[in-house]
>>> print(open('start.cif').read())   # mmCIF, C-alpha atoms, pLDDT in the B column; chains and numbers go by the auth columns
data_start
#
loop_
_atom_site.group_PDB
_atom_site.id
_atom_site.type_symbol
_atom_site.label_atom_id
_atom_site.label_comp_id
_atom_site.label_asym_id
_atom_site.label_seq_id
_atom_site.Cartn_x
_atom_site.Cartn_y
_atom_site.Cartn_z
_atom_site.B_iso_or_equiv
_atom_site.auth_seq_id
_atom_site.auth_asym_id
ATOM 1 C CA MET A 1 0.452 -29.839 71.709 38.00 94 B
ATOM 2 C CA ILE A 2 3.601 -31.743 70.843 35.00 95 B
ATOM 3 C CA PRO A 3 3.158 -34.281 68.020 41.00 96 B
ATOM 4 C CA ASP A 4 4.042 -37.899 68.765 38.00 97 B
ATOM 5 C CA HIS A 5 6.947 -37.860 66.341 42.00 98 B
ATOM 6 C CA ALA A 6 8.578 -34.804 67.894 47.00 99 B
ATOM 7 C CA ASP A 7 10.920 -35.008 70.846 47.00 100 B
ATOM 8 C CA PRO A 8 8.925 -33.842 73.910 41.00 101 B
ATOM 9 C CA SER A 9 12.105 -33.530 75.943 42.00 102 B
ATOM 10 C CA TYR A 10 13.548 -30.921 73.608 44.00 103 B
ATOM 11 C CA VAL A 11 14.715 -27.848 75.465 44.00 104 B
ATOM 12 C CA PHE A 12 16.575 -24.905 74.030 40.00 105 B
ATOM 13 C CA GLN A 13 20.124 -24.867 75.331 41.00 106 B
ATOM 14 C CA SER A 14 21.513 -21.681 76.806 34.00 107 B
ATOM 15 C CA SER A 15 24.645 -20.349 75.203 36.00 108 B
ATOM 16 C CA ASP A 16 27.177 -17.632 75.455 34.00 109 B
ATOM 17 C CA ALA A 17 25.259 -15.408 73.069 35.00 110 B
ATOM 18 C CA ALA A 18 26.938 -12.211 71.999 35.00 111 B
ATOM 19 C CA TYR A 19 25.569 -10.025 74.752 30.00 112 B
ATOM 20 C CA VAL A 20 27.839 -7.042 74.484 33.00 113 B
ATOM 21 C CA HIS A 21 26.130 -4.576 76.765 33.00 114 B
ATOM 22 C CA GLU A 22 25.900 -3.466 80.341 32.00 115 B
ATOM 23 C CA GLN A 23 22.950 -1.594 81.744 33.00 116 B
ATOM 24 C CA SER A 24 23.383 2.133 82.194 32.00 117 B
ATOM 25 C CA SER A 25 21.329 5.157 83.172 30.00 118 B
ATOM 26 C CA TYR A 26 20.233 5.728 79.566 30.00 119 B
ATOM 27 C CA ASP A 27 16.662 4.503 79.525 34.00 120 B
ATOM 28 C CA SER A 28 14.509 6.895 77.555 33.00 121 B
ATOM 29 C CA ARG A 29 14.059 7.980 73.989 37.00 122 B
ATOM 30 C CA SER A 30 14.615 11.618 74.950 37.00 123 B
ATOM 31 C CA SER A 31 18.133 10.990 76.268 38.00 124 B
ATOM 32 C CA SER A 32 20.347 9.768 73.453 45.00 125 B
ATOM 33 C CA ALA A 33 22.903 7.165 74.427 45.00 126 B
ATOM 34 C CA LEU A 34 25.239 8.652 71.851 48.00 127 B
ATOM 35 C CA ASN A 35 25.756 11.704 74.024 47.00 128 B
ATOM 36 C CA ASN A 36 29.050 10.329 75.254 42.00 129 B
ATOM 37 C CA THR A 37 30.310 12.160 78.313 38.00 130 B
ATOM 38 C CA SER A 38 32.307 9.331 79.860 41.00 131 B
ATOM 39 C CA GLY A 39 35.579 10.073 78.117 38.00 132 B
ATOM 40 C CA LYS A 40 35.611 6.632 76.487 36.00 133 B
ATOM 41 C CA SER A 41 36.109 6.227 72.778 35.00 134 B
ATOM 42 C CA PHE A 42 32.984 5.920 70.651 36.00 135 B
ATOM 43 C CA ASN A 43 33.550 2.260 69.824 32.00 136 B
ATOM 44 C CA GLN A 44 33.934 1.352 73.495 31.00 137 B
ATOM 45 C CA GLU A 45 30.882 3.329 74.491 37.00 138 B
ATOM 46 C CA ILE A 46 28.662 1.799 71.852 46.00 139 B
ATOM 47 C CA PHE A 47 28.715 -1.599 73.536 54.00 140 B
ATOM 48 C CA THR A 48 28.479 -0.495 77.154 57.00 141 B
ATOM 49 C CA GLN A 49 25.334 1.636 77.114 71.00 142 B
ATOM 50 C CA SER A 50 21.604 1.161 76.745 81.00 143 B
ATOM 51 C CA GLY A 51 18.783 3.463 75.734 91.00 144 B
ATOM 52 C CA TYR A 52 19.677 3.682 72.060 93.00 145 B
ATOM 53 C CA THR A 53 17.043 4.673 69.509 95.00 146 B
ATOM 54 C CA TYR A 54 16.771 4.119 65.776 96.00 147 B
ATOM 55 C CA ASP A 55 18.391 7.531 65.207 95.00 148 B
ATOM 56 C CA ASP A 56 21.378 6.421 67.308 94.00 149 B
ATOM 57 C CA TYR A 57 21.493 3.104 65.486 94.00 150 B
ATOM 58 C CA MET A 58 21.777 4.889 62.156 94.00 151 B
ATOM 59 C CA LYS A 59 24.752 6.929 63.413 93.00 152 B
ATOM 60 C CA LEU A 60 26.831 3.887 64.369 91.00 153 B
ATOM 61 C CA GLU A 61 30.247 3.652 62.738 88.00 154 B
ATOM 62 C CA LEU A 62 30.845 -0.075 62.850 87.00 155 B
ATOM 63 C CA PRO A 63 33.848 -2.023 61.552 88.00 156 B
ATOM 64 C CA ASP A 64 33.458 -3.480 58.079 88.00 157 B
ATOM 65 C CA GLY A 65 31.371 -6.629 58.154 85.00 158 B
ATOM 66 C CA MET A 66 29.911 -6.079 61.628 89.00 159 B
ATOM 67 C CA ARG A 67 26.125 -6.233 61.958 92.00 160 B
ATOM 68 C CA VAL A 68 24.125 -5.376 65.052 94.00 161 B
ATOM 69 C CA GLU A 69 20.533 -5.358 66.225 95.00 162 B
ATOM 70 C CA LEU A 70 18.837 -3.027 68.684 95.00 163 B
ATOM 71 C CA ILE A 71 16.423 -4.542 71.212 95.00 164 B
ATOM 72 C CA ASP A 72 14.845 -2.425 73.933 95.00 165 B
ATOM 73 C CA GLY A 73 17.585 0.159 73.500 95.00 166 B
ATOM 74 C CA VAL A 74 20.452 -2.333 73.837 93.00 167 B
ATOM 75 C CA ILE A 75 22.845 -3.220 71.001 93.00 168 B
ATOM 76 C CA TYR A 76 23.662 -6.854 70.233 92.00 169 B
ATOM 77 C CA GLU A 77 26.341 -7.978 67.829 91.00 170 B
ATOM 78 C CA MET A 78 25.397 -10.527 65.153 91.00 171 B
ATOM 79 C CA SER A 79 27.663 -13.275 63.867 89.00 172 B
ATOM 80 C CA ALA A 80 28.021 -14.019 60.167 90.00 173 B
ATOM 81 C CA PRO A 81 25.651 -16.807 59.047 93.00 174 B
ATOM 82 C CA THR A 82 26.894 -20.191 57.866 95.00 175 B
ATOM 83 C CA LEU A 83 26.208 -21.553 54.391 97.00 176 B
ATOM 84 C CA THR A 84 23.648 -23.957 55.854 97.00 177 B
ATOM 85 C CA HIS A 85 21.899 -21.047 57.544 97.00 178 B
ATOM 86 C CA GLN A 86 21.794 -19.131 54.271 97.00 179 B
ATOM 87 C CA ALA A 87 20.492 -22.131 52.332 98.00 180 B
ATOM 88 C CA ILE A 88 17.593 -22.534 54.784 98.00 181 B
ATOM 89 C CA THR A 89 16.825 -18.825 54.571 98.00 182 B
ATOM 90 C CA PHE A 90 16.839 -18.905 50.759 98.00 183 B
ATOM 91 C CA TYR A 91 14.586 -21.970 50.656 98.00 184 B
ATOM 92 C CA PHE A 92 11.980 -20.315 52.866 98.00 185 B
ATOM 93 C CA ALA A 93 12.075 -17.023 50.970 98.00 186 B
ATOM 94 C CA ARG A 94 11.775 -18.752 47.601 98.00 187 B
ATOM 95 C CA THR A 95 8.901 -20.956 48.791 98.00 188 B
ATOM 96 C CA PHE A 96 6.957 -18.025 50.191 98.00 189 B
ATOM 97 C CA ASP A 97 7.592 -15.898 47.114 98.00 190 B
ATOM 98 C CA ASP A 98 6.507 -18.675 44.742 98.00 191 B
ATOM 99 C CA PHE A 99 3.284 -19.140 46.722 98.00 192 B
ATOM 100 C CA ILE A 100 2.494 -15.423 46.799 98.00 193 B
ATOM 101 C CA ARG A 101 3.139 -14.972 43.088 97.00 194 B
ATOM 102 C CA LYS A 102 1.126 -18.058 42.146 98.00 195 B
ATOM 103 C CA ASN A 103 -1.840 -16.793 44.145 97.00 196 B
ATOM 104 C CA LYS A 104 -1.378 -13.165 43.083 97.00 197 B
ATOM 105 C CA GLY A 105 -1.048 -12.147 46.715 97.00 198 B
ATOM 106 C CA LYS A 106 -0.259 -8.695 48.020 96.00 199 B
ATOM 107 C CA CYS A 107 2.328 -9.765 50.603 97.00 200 B
ATOM 108 C CA LYS A 108 6.079 -9.287 50.151 97.00 201 B
ATOM 109 C CA VAL A 109 8.968 -11.470 51.318 98.00 202 B
ATOM 110 C CA TYR A 110 12.277 -10.039 52.509 98.00 203 B
ATOM 111 C CA ILE A 111 15.465 -11.672 53.729 97.00 204 B
ATOM 112 C CA SER A 112 18.119 -10.381 56.099 95.00 205 B
ATOM 113 C CA PRO A 113 19.656 -7.871 56.347 94.00 206 B
ATOM 114 C CA VAL A 114 16.571 -5.634 56.383 96.00 207 B
ATOM 115 C CA ASP A 115 15.977 -3.235 59.273 97.00 208 B
ATOM 116 C CA VAL A 116 12.624 -3.870 60.965 98.00 209 B
ATOM 117 C CA ARG A 117 11.583 -1.062 63.308 97.00 210 B
ATOM 118 C CA LEU A 118 9.214 -2.999 65.540 97.00 211 B
ATOM 119 C CA GLU A 119 8.379 -0.005 67.758 96.00 212 B
ATOM 120 C CA PHE A 120 8.365 2.643 65.049 95.00 213 B
ATOM 121 C CA ALA A 121 5.180 4.263 66.363 94.00 214 B
ATOM 122 C CA THR A 122 6.326 4.420 70.006 95.00 215 B
ATOM 123 C CA THR A 123 9.864 4.314 71.426 95.00 216 B
ATOM 124 C CA ASP A 124 11.661 3.266 68.214 96.00 217 B
ATOM 125 C CA MET A 125 14.209 1.469 70.397 96.00 218 B
ATOM 126 C CA THR A 126 14.030 -1.944 68.699 97.00 219 B
ATOM 127 C CA VAL A 127 15.519 -2.589 65.253 97.00 220 B
ATOM 128 C CA VAL A 128 15.952 -6.232 64.244 97.00 221 B
ATOM 129 C CA GLN A 129 17.023 -8.059 61.090 97.00 222 B
ATOM 130 C CA PRO A 130 15.013 -11.318 60.927 98.00 223 B
ATOM 131 C CA ASP A 131 16.266 -14.058 58.634 98.00 224 B
ATOM 132 C CA VAL A 132 13.007 -14.071 56.668 98.00 225 B
ATOM 133 C CA LEU A 133 9.974 -11.822 57.039 98.00 226 B
ATOM 134 C CA VAL A 134 6.647 -11.441 55.276 98.00 227 B
ATOM 135 C CA ILE A 135 4.814 -8.109 55.099 98.00 228 B
ATOM 136 C CA CYS A 136 1.141 -8.005 54.085 97.00 229 B
ATOM 137 C CA ASP A 137 0.381 -4.420 55.148 97.00 230 B
ATOM 138 C CA ARG A 138 2.378 -2.758 52.397 95.00 231 B
ATOM 139 C CA SER A 139 2.260 0.648 54.075 96.00 232 B
ATOM 140 C CA LYS A 140 4.940 -0.722 56.399 97.00 233 B
ATOM 141 C CA ASP A 141 7.522 -0.972 53.599 95.00 234 B
ATOM 142 C CA GLU A 142 6.392 1.860 51.361 92.00 235 B
ATOM 143 C CA ASP A 143 9.536 3.967 51.869 91.00 236 B
ATOM 144 C CA LYS A 144 11.613 1.050 50.432 93.00 237 B
ATOM 145 C CA LYS A 145 14.241 1.574 53.135 95.00 238 B
ATOM 146 C CA THR A 146 13.014 -0.068 56.336 96.00 239 B
ATOM 147 C CA VAL A 147 10.006 -1.967 57.636 97.00 240 B
ATOM 148 C CA LYS A 148 8.019 0.231 60.007 97.00 241 B
ATOM 149 C CA GLY A 149 6.051 -2.021 62.320 97.00 242 B
ATOM 150 C CA ALA A 150 5.584 -5.729 62.898 97.00 243 B
ATOM 151 C CA PRO A 151 5.777 -8.205 59.993 98.00 244 B
ATOM 152 C CA ASP A 152 3.026 -10.784 59.656 98.00 245 B
ATOM 153 C CA TYR A 153 5.481 -13.691 59.606 98.00 246 B
ATOM 154 C CA ILE A 154 9.068 -14.061 60.824 98.00 247 B
ATOM 155 C CA LEU A 155 11.544 -16.925 60.564 98.00 248 B
ATOM 156 C CA GLU A 156 14.740 -17.117 62.609 98.00 249 B
ATOM 157 C CA VAL A 157 17.294 -19.887 62.022 98.00 250 B
ATOM 158 C CA LEU A 158 19.171 -20.607 65.238 96.00 251 B
ATOM 159 C CA SER A 159 22.942 -20.388 65.512 92.00 252 B
ATOM 160 C CA PRO A 160 25.046 -20.811 68.663 88.00 253 B
ATOM 161 C CA SER A 161 25.473 -17.061 69.013 86.00 254 B
ATOM 162 C CA SER A 162 21.827 -16.156 68.392 90.00 255 B
ATOM 163 C CA ARG A 163 20.070 -18.923 70.329 92.00 256 B
ATOM 164 C CA LYS A 164 19.321 -17.019 73.519 91.00 257 B
ATOM 165 C CA ILE A 165 18.260 -13.858 71.710 94.00 258 B
ATOM 166 C CA ASP A 166 16.025 -15.664 69.199 96.00 259 B
ATOM 167 C CA THR A 167 14.325 -17.900 71.760 95.00 260 B
ATOM 168 C CA ASN A 168 13.916 -15.333 74.525 94.00 261 B
ATOM 169 C CA LEU A 169 14.301 -11.648 73.712 94.00 262 B
ATOM 170 C CA LYS A 170 12.954 -11.806 70.184 97.00 263 B
ATOM 171 C CA LEU A 171 10.170 -14.215 71.080 97.00 264 B
ATOM 172 C CA LYS A 172 8.959 -11.708 73.664 96.00 265 B
ATOM 173 C CA LYS A 173 9.326 -8.682 71.374 97.00 266 B
ATOM 174 C CA TYR A 174 7.624 -10.339 68.423 97.00 267 B
ATOM 175 C CA ARG A 175 4.682 -11.338 70.622 97.00 268 B
ATOM 176 C CA GLU A 176 4.390 -7.863 72.155 96.00 269 B
ATOM 177 C CA THR A 177 4.642 -5.880 68.938 96.00 270 B
ATOM 178 C CA GLY A 178 2.039 -7.733 66.872 96.00 271 B
ATOM 179 C CA VAL A 179 3.885 -10.323 64.781 98.00 272 B
ATOM 180 C CA ARG A 180 1.249 -12.882 63.806 97.00 273 B
ATOM 181 C CA GLU A 181 3.472 -15.941 63.369 98.00 274 B
ATOM 182 C CA TYR A 182 7.071 -16.662 64.388 98.00 275 B
ATOM 183 C CA TRP A 183 8.999 -19.801 63.454 98.00 276 B
ATOM 184 C CA ILE A 184 12.273 -20.855 65.060 98.00 277 B
ATOM 185 C CA VAL A 185 14.287 -23.464 63.164 98.00 278 B
ATOM 186 C CA ASP A 186 16.956 -25.331 65.121 97.00 279 B
ATOM 187 C CA TYR A 187 18.277 -27.284 62.167 97.00 280 B
ATOM 188 C CA ASP A 188 21.160 -28.995 63.978 95.00 281 B
ATOM 189 C CA SER A 189 18.740 -30.396 66.562 95.00 282 B
ATOM 190 C CA GLY A 190 16.079 -31.234 63.991 97.00 283 B
ATOM 191 C CA VAL A 191 13.452 -29.108 65.704 97.00 284 B
ATOM 192 C CA VAL A 192 11.014 -26.448 64.479 98.00 285 B
ATOM 193 C CA ILE A 193 9.005 -24.261 66.867 98.00 286 B
ATOM 194 C CA LYS A 194 5.917 -22.626 65.390 98.00 287 B
ATOM 195 C CA ASN A 195 4.557 -19.738 67.472 98.00 288 B
ATOM 196 C CA VAL A 196 1.174 -18.314 66.487 97.00 289 B
ATOM 197 C CA PHE A 197 0.429 -15.086 68.347 96.00 290 B
ATOM 198 C CA SER A 198 -2.667 -14.057 66.403 88.00 291 B
ATOM 199 C CA ASP A 199 -4.817 -16.947 67.630 78.00 292 B
ATOM 200 C CA GLY A 200 -4.512 -17.495 71.358 82.00 293 B
ATOM 201 C CA ASP A 201 -0.699 -17.436 71.571 88.00 294 B
ATOM 202 C CA ARG A 202 -0.117 -21.064 70.546 93.00 295 B
ATOM 203 C CA ALA A 203 3.194 -22.885 70.181 96.00 296 B
ATOM 204 C CA LYS A 204 3.788 -26.268 68.569 97.00 297 B
ATOM 205 C CA ILE A 205 6.931 -28.320 68.129 98.00 298 B
ATOM 206 C CA TYR A 206 7.701 -30.132 64.882 98.00 299 B
ATOM 207 C CA THR A 207 10.719 -31.975 63.542 97.00 300 B
ATOM 208 C CA THR A 208 12.694 -31.357 60.376 96.00 301 B
ATOM 209 C CA SER A 209 10.988 -34.438 58.904 96.00 302 B
ATOM 210 C CA ASP A 210 7.530 -32.866 59.048 98.00 303 B
ATOM 211 C CA ILE A 211 5.380 -30.899 56.657 98.00 304 B
ATOM 212 C CA VAL A 212 4.445 -27.736 58.551 98.00 305 B
ATOM 213 C CA PRO A 213 1.476 -25.514 57.616 98.00 306 B
ATOM 214 C CA VAL A 214 1.851 -21.742 57.593 98.00 307 B
ATOM 215 C CA GLU A 215 -0.946 -20.242 59.675 97.00 308 B
ATOM 216 C CA ILE A 216 -1.028 -16.772 58.118 97.00 309 B
ATOM 217 C CA TYR A 217 -2.147 -18.581 54.940 97.00 310 B
ATOM 218 C CA GLU A 218 -4.535 -20.898 56.811 96.00 311 B
ATOM 219 C CA GLY A 219 -2.399 -23.911 55.977 96.00 312 B
ATOM 220 C CA LYS A 220 -2.665 -23.428 52.223 98.00 313 B
ATOM 221 C CA LEU A 221 1.117 -22.987 52.189 98.00 314 B
ATOM 222 C CA GLU A 222 3.171 -25.760 53.742 98.00 315 B
ATOM 223 C CA ILE A 223 6.892 -26.137 54.312 98.00 316 B
ATOM 224 C CA ASP A 224 8.103 -29.651 53.543 98.00 317 B
ATOM 225 C CA PHE A 225 11.194 -30.052 55.697 98.00 318 B
ATOM 226 C CA ASN A 226 12.226 -33.250 53.931 97.00 319 B
ATOM 227 C CA ASP A 227 12.418 -31.252 50.720 98.00 320 B
ATOM 228 C CA LEU A 228 14.219 -28.455 52.541 98.00 321 B
ATOM 229 C CA ARG A 229 16.774 -30.874 53.961 96.00 322 B
ATOM 230 C CA GLU A 230 17.377 -32.373 50.542 97.00 323 B
ATOM 231 C CA TYR A 231 18.020 -28.883 49.171 97.00 324 B
ATOM 232 C CA VAL A 232 20.272 -27.827 52.055 97.00 325 B
ATOM 233 C CA GLU A 233 22.365 -30.995 52.006 96.00 326 B
ATOM 234 C CA SER A 234 22.668 -31.378 48.248 93.00 327 B
#
>>> encode(input="start.cif", output="structure tokens")
Amino acid sequence: MIPDHADPSYVFQSSDAAYVHEQSSYDSRSSSALNNTSGKSFNQEIFTQSGYTYDDYMKLELPDGMRVELIDGVIYEMSAPTLTHQAITFYFARTFDDFIRKNKGKCKVYISPVDVRLEFATTDMTVVQPDVLVICDRSKDEDKKTVKGAPDYILEVLSPSSRKIDTNLKLKKYRETGVREYWIVDYDSGVVIKNVFSDGDRAKIYTTSDIVPVEIYEGKLEIDFNDLREYVES
């Protein structure tokens, strides 16, 4: 249900997201896409193949400052976040952490860049770096290096380069792999999409003037977007 004060005509705009791949014959975990037999240089090959695994991902020799994610065996380049993006991320992480500490909770908050191996137990062909994530099953982060499995909560802050990935590919992967709650914040458009996968696959649209309850905490934690906006724009 869309609340009366949200814009019911809101539609995510498509963009020229940084899709830097072409499909290839590499499509299984047993055939590493890093076995380069094409004669191309490594850096060319890395963005024109699919079928990569976490092991391949860890072998990448990327230029300084470049970050990538791996989704269904395909590598996607990530743009550097803006200061506004980082301020939103920090606000969420701080708010969650304060709530968890106050209530002596067991969950842990992380901010990007942290490698999340969504399909660790199966293909291990998806490694993402959500803006903010909350882990309540602490066995998933016990090695203190990566998150192995689906977080309970994920926040992604949209940017022009990430819009299509965050609202399509990641939405699908997060739903499939067991993420309980996924928020998408389109700050420039003043829109927040709350997806709850653990209770009938519900989605609700809010504005950045609303107070939005966090479902994994049964609404006991709320994000006040007026307060967030004041912090971001101060």
>>> residues_around(input="start.cif", residues="B:Tyr275", least_positions_apart="4", cutoff="12 Å", atoms="all atoms listed in the file", output="ChimeraX atom specification")
/B:223-227,243-250,259-260,263-268,270-271,285-291,294-297,307-309
>>> resolve_selection(input="start.cif", expression="the PyMOL selection byres ((chain B and resi 189) around 10)", output="list in words")
Phe183, Tyr184, Phe185, Ala186, Arg187, Thr188, Asp190, Asp191, Phe192, Ile193, Arg194, Lys195, Cys200, Lys201, Val202, Tyr203, Val225, Leu226, Val227, Val307, Leu314, Glu315 and Ile316 of chain B
>>> resolve_selection(input="start.cif", expression="the PyMOL selection byres ((chain B and resi 213) around 10)", output="ChimeraX atom specification")
/B:146-147,209-212,214-220,233,240-243
>>> atom_distance(input="start.cif", atom1="atom CA of B:Val161", atom2="atom CA of B:Val221")
8.3 Å
>>> axis_aligned_box(input="start.cif", around="stretch 291-296 of chain B", padding_each_side="5 Å", output="AutoDock Vina command-line options")
--center_x -0.8 --center_y -18.5 --center_z 69.0 --size_x 18.0 --size_y 18.8 --size_z 15.2
>>> residues_near_point(input="start.cif", point="(19.5, -28.4, 62.3)", cutoff="9 Å", atoms="only C-alpha atoms", output="PyMOL selection string")
chain B and resi 177+250-251+278-285+301
>>> atom_distance(input="start.cif", atom1="atom CA of B:Ser143", atom2="atom CA of B:Ile168")
7.3 Å
>>> residues_around(input="start.cif", residues="B:Ile304", least_positions_apart="4", cutoff="9 Å", atoms="only C-alpha atoms", output="list in words")
Tyr299, Thr300, Glu315, Ile316, Asp317, Phe318 and Asn319 of chain B
>>> atom_distance(input="start.cif", atom1="atom CA of B:Met171", atom2="atom CA of B:Ser252")
10.2 Å
>>> closest_residue(input="start.cif", among="B:Pro174, B:Arg273, B:Asp236, B:Gly166", to="B:Asp148", atoms="all atoms listed in the file")
B:Gly166
>>> resolve_selection(input="start.cif", expression="the PyMOL selection byres ((chain B and resi 158) around 12)", output="count of residues only")
13
>>> closest_residue(input="start.cif", among="B:Val207, B:Ile181, B:Leu163, B:Val325", to="B:Ile258", atoms="all atoms listed in the file")
B:Leu163
